[in-house]
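Following: one structure in structure tokens, then a few remarks.
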Amino acid sequence: MYIVGNKFINLNGNKNLVNVLEGKIAAQTTVSISTRDGRIVYVSATAYGAPQANLTDTLTRIIGGVGSELDYWQLYGDKFRLEIIKALSSYGYKVENVEIAVSYRCPNCGASIELNPEAVIYVCKYCGWSGDIFGKNLKIYTWPTLPRQTIEALVKRSTGGAKIVEADLKYVPYWLFEASIIVNYTARIVYRVKRGKKYVRRETDVRERFQKEIVYPLIARLNAEFYGDLEMQGNVEYNFKKKPPKEVTSQEARNIASYVLSPEISRDEAKEIIVDKLEDVGLNIAKERARSKFSGAESVHVYYYEPEIKVSDPILVMAPYWFIIYKSRGGIYSGAFSGIEGDLLKLEVPITPAERLVRLLGAWLVAALTGLGIEFFLDTSSSSKESIIIAVIGLGSALALAKSAFSEAKVRR
Amino acid sequence: MPIVKCPYCGADVEYALGEVILTCPYCGTSFAISGEEIERHLMGRVNFSINEIYSIFKSWALRKPETPNDLPLKARIKNYQLNFYPYWVYRVNVTFAYEGYARNIPVRGRENEVFVISISANKKMYSTPLQNYEFSLKGKVFFSSHYARKTGGTILNADILEKEIWNNAWGTILNRAKAKIKTRGVTSVTVDIQNYNIEDKSFVHIPIYQATYTYDGREYLFLADASDARMIYAEIPVGTGFRMLALGGAAASLVAGIIVSIIGIQANLPVFAITSFIGFLAIAAYSAYKGLIQRVVSKKFHV
């Protein structure tokens with residue numbers, strides 16, 4: 001058993017790894033290279049074994065030569081490491097192992113930047129340069145966040161003075177598109193109208209063409225789920241129209257760099273994704289428009305749908321987002337606030353035992369009233385179909401209330 | 001154990017019977033048992049330690065009402081494993097024709113779509129949350145056995161034949177194509193794939209923590225992606241206080257239901273008695289269910 005960092009590693013008799021852990025460092029070097037796929041990186045290498053003359057220079061030359069013929073992803077593979085050992089051997093050097101680490105090189109100040117392999121754009125925390133992993137400069141836009149004290153005061157006001165455990169600021173990256181959606185669609189609408197004393201079901205087609213101009217913030221992260229994500233997206237869209245974000249200076253970029261979630265979706269990828277997203281948006285708008293034409297619409301079936309999407313070149317916006325954890329009544333709850341104007345995005349509010357009891361009693365009341373309703377309805381009408389509908393709706397509501405008595409927390413938006 | 005030579009470095013690679021794609025522990029090359037090298041063998045990096053994952057898990061678990069408040073103090077990681085699970089990931093450009101009904105109007109059309117599909121490649125992953133796990137190829141790097149070993153991880157080989165893998169992928173493509181048309185309100189959808197092109201195929205190992213922790217003498221499990229901290233599966237203990245509250249609610253609902261139905265019968269309101277009793281019974285059953293379960297299972301996670 002060995003300890004590496006805070007982990008125990010069972011080496012299972014692996015002599016090679018034992019040598020690495022126990023061996024001496026023979027040479028160390030850091031080489032700046034441009035990979036075959038155009039990324040500017042540092043490759044740091046440590047050779048283990050006995051010290052040998054000029055080993056560091058040879059190691060540097062080999063990494064520069066072999067590394068620049070590979071794509072970025074290949075630098076992490078075993079084959080790169082083994083190629084280096086093989087090349088050293090061909091020059092007469094014997095090493096027990098070589099360890100490789102890869103980081104990006106800021107094209108402006110030369111600093112070593114460690115990023116997860118998913119990142120495609122970053123902000124240098126040393127000089128404030130912002131751009132993509134290929135070294136191409138990229139303008140970023142942001143809104144300055146409200147200060148921490150203001151956000152904490154807003155949390156206190158929203159939670160009735162609860163104790164804040166954590167208030168974590170992140171700048172969430174969005175590709176902001178201005179788009180035009182032109183849609184031709186035909187939908188079948190099923191709706192109800194009153195004929196005499198009864199309602200009857202009717203069907204008809206709606207065929208139309210519409211155009212809609214929208215602003216769409218597309219999150220530039222692979223796993224887009226976070227607490228209050230939809231609300232934050234809406235907040236960015238709202239503020240973009242009301243108070244457009246400003247281009248960030250190097251000084252400002254340096255100040256926010258530590259809080260920025262590195263974008264993981266490039267501009268070109270965003271342009272591909274946005275088309276699918278806007279097709280869905282167009283479909284939903286079509287359904288809503290069709291539904292709004294008939295007040296008693298029950299269902300909408302779009303059976304012809306042809307969208308045409310036109311999008312602008314997007315800008316990259318870093319939106320300040322605050323994730324809050326607070327304590328209240330012995331429980332821990334979450335909240336999310338926008339740092340742009342301090343809007344509450346989403347807040348979990350504890351449900352007290354008394355409230356849970358009230359909800360349970362409410363469920364009882366609804367169950368009893370449903371029974372009474374059906375009893376009296378059957379007295380006055382011969383239709384059993386309506387009675388069944390009342391029973392399903394009433395008992396369903398009673399069960400929903402009972403479920404809410406055991407739910408996590410109330411959510412305020 | 002039987003042995004086969006790695007086609008890249010010539011090292012002896014041990015394998016278990018049934019395994020069809022192996023990974024060389026020395027050079028990281030993946031190859032079929034028949035000897036062909038797998039062209040693109042990728043892996044997810046371990047970006048989160050088990051301590052970081054466990055910390056994220058606990059603060060999230062505390063936000064559930066069932067979770068006992070002393071969970072962070074009393075829960076202890078008993079053991080954990082880091083396994084690199086094998087998946088095939090296909091990027092397929094598909095042209096499909098569909099038929100269905102919008103209400104009673106026959107609908108037909110033709111669509112083109114690119115699907116990215118991950119298919120589990122080891123039978124042990126079947127019927128587990130890992131079977132249908134979806135992830136992006138973004139950030140996946142060339143495979144390194146050396147790195148996997150340094151993280152303390154175990155690499156699982158693939159034991160499912162490529163034909164079966166492709167059959168599973170085909171089924172997933174059909175389901176996704178149908179789902180796309182169904183979102184428009186079209187029902188009874190049938191799909192016929194007219195043309196397809198596999199644009200990319202990668203063999204990927206995803207690092208996943210499988211951790212067991214103890215609380216009040218019982219064991220609970222969670223699975224998390226070590227690359228992006230997504231929780232794939234989590235069991236959380238239910239606090240005694242919450243369970244008692246729910247069981248109390250169940251008993252009270254049952255008693256109240258009986259009383260209300262007796263009143264109904266005495267007042268000669270039989271439909272009221274039966275209907276409301278059913279309602280009270282449903283409430284009691286749900287409350288009892290919440291009171292009797294000792295652990296809740298979640299597959300949905302917010303960091």
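So you can find residues: chains in the structure tokens are A, B, ... in the order shown, residues in each start at 1, and ligands are numbered from 1 in order.
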Could you tell me which residues of chain A sit within 6 Å of chain B when counting only C-alpha atoms, and give me the result as a VMD selection string?
chain A and resid 9 73 to 74 76 to 79 117 to 118 226 301 to 303 332 to 333 367 to 368 371 to 372 375 395 399 408
Applying 10 Å and only C-alpha atoms, which residues near Asp216 (chain B) remain after dropping the ones on its own chain fewer than 4 positions away? List them as a ChimeraX atom specification.
/B:71,74-76,237
Which is closer to Arg91 (chain B) than all the others in B:Leu292, B:Ile173, B:Ile38, B:Ile208, using only C-alpha atoms?
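With only C-alpha atoms as the atom set, the closest residue is B:Ile173.
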Select, from A:Ile25, A:Ile164, A:Thr352, A:Ile133, the residue with the minimum atom-to-atom distance to Glu99 (chain A), counting only C-alpha atoms.
A:Ile25
Just give me the gap between CA of Lys156 (chain A) and CA of Ala409 (chain A) in Å, one decimal is fine.
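These atoms are spaced 17.7 Å apart.
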Using only C-alpha atoms, which protein or nucleic acid residues come within 7 Å of Tyr304 (chain A)? Drop anything in the same chain fewer than 5 positions from it, and give the result as a count of residues only.
3
Neighbours of Ser250 (chain A) within 8 Å (only C-alpha atoms; same-chain residues fewer than 2 positions away dropped), as a list in words?
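Returned residues: Cys127, Gly128, Trp129, Val248, Glu252, Ala253 and Arg254 of chain A.
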To one decimal place, how far is CA of Lys242 (chain A) from CA of Lys271 (chain A) in Å?
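Pair CA of Lys242 (chain A) / CA of Lys271 (chain A) returns 24.3 Å.
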CA of Val317 (chain A) and CA of Trp175 (chain A) are how many Å apart?
6.3 Å
In terms of the shortest atom-to-atom distance over only C-alpha atoms, which of A:Ile388, A:Leu70, A:Ala50, A:Val260 is closest to Ser34 (chain A)?
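Among the listed residues, A:Leu70 lies closest to Ser34 (chain A).
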Residues within 8 Å of Arg356 (chain A), only C-alpha atoms, excluding chain neighbours under 6 positions, as a PyMOL selection string:
chain A and resi 404-406
Could you save the residues just selected, with N, CA and C atoms, as a PDB file, in the first residue's frame?
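File produced: selection_22.pdb:
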ATOM      1  N   SER A 404     -47.386  16.641  -0.947  1.00  0.00           N
ATOM      2  CA  SER A 404     -46.714  17.908  -0.643  1.00  0.00           C
ATOM      3  C   SER A 404     -46.394  18.012   0.853  1.00  0.00           C
ATOM      4  N   ALA A 405     -47.161  17.265   1.676  1.00  0.00           N
ATOM      5  CA  ALA A 405     -46.876  17.272   3.118  1.00  0.00           C
ATOM      6  C   ALA A 405     -45.523  16.631   3.415  1.00  0.00           C
ATOM      7  N   PHE A 406     -45.051  15.781   2.490  1.00  0.00           N
ATOM      8  CA  PHE A 406     -43.764  15.099   2.710  1.00  0.00           C
ATOM      9  C   PHE A 406     -42.709  15.539   1.696  1.00  0.00           C
TER      10      PHE A 406
END
Nearest to Gly248 (chain B), chosen from A:Leu360, A:Gly331, A:Ala257, A:Ala398, with only C-alpha atoms counted in the distances
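Closest to Gly248 (chain B) of all the choices is A:Leu360.
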Nearest candidate to Arg110 (chain B) (options A:Gly362, A:Ser292, A:Glu306, A:Gly396; using only C-alpha atoms)
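Counting only C-alpha atoms, the residue closest to Arg110 (chain B) is A:Glu306.
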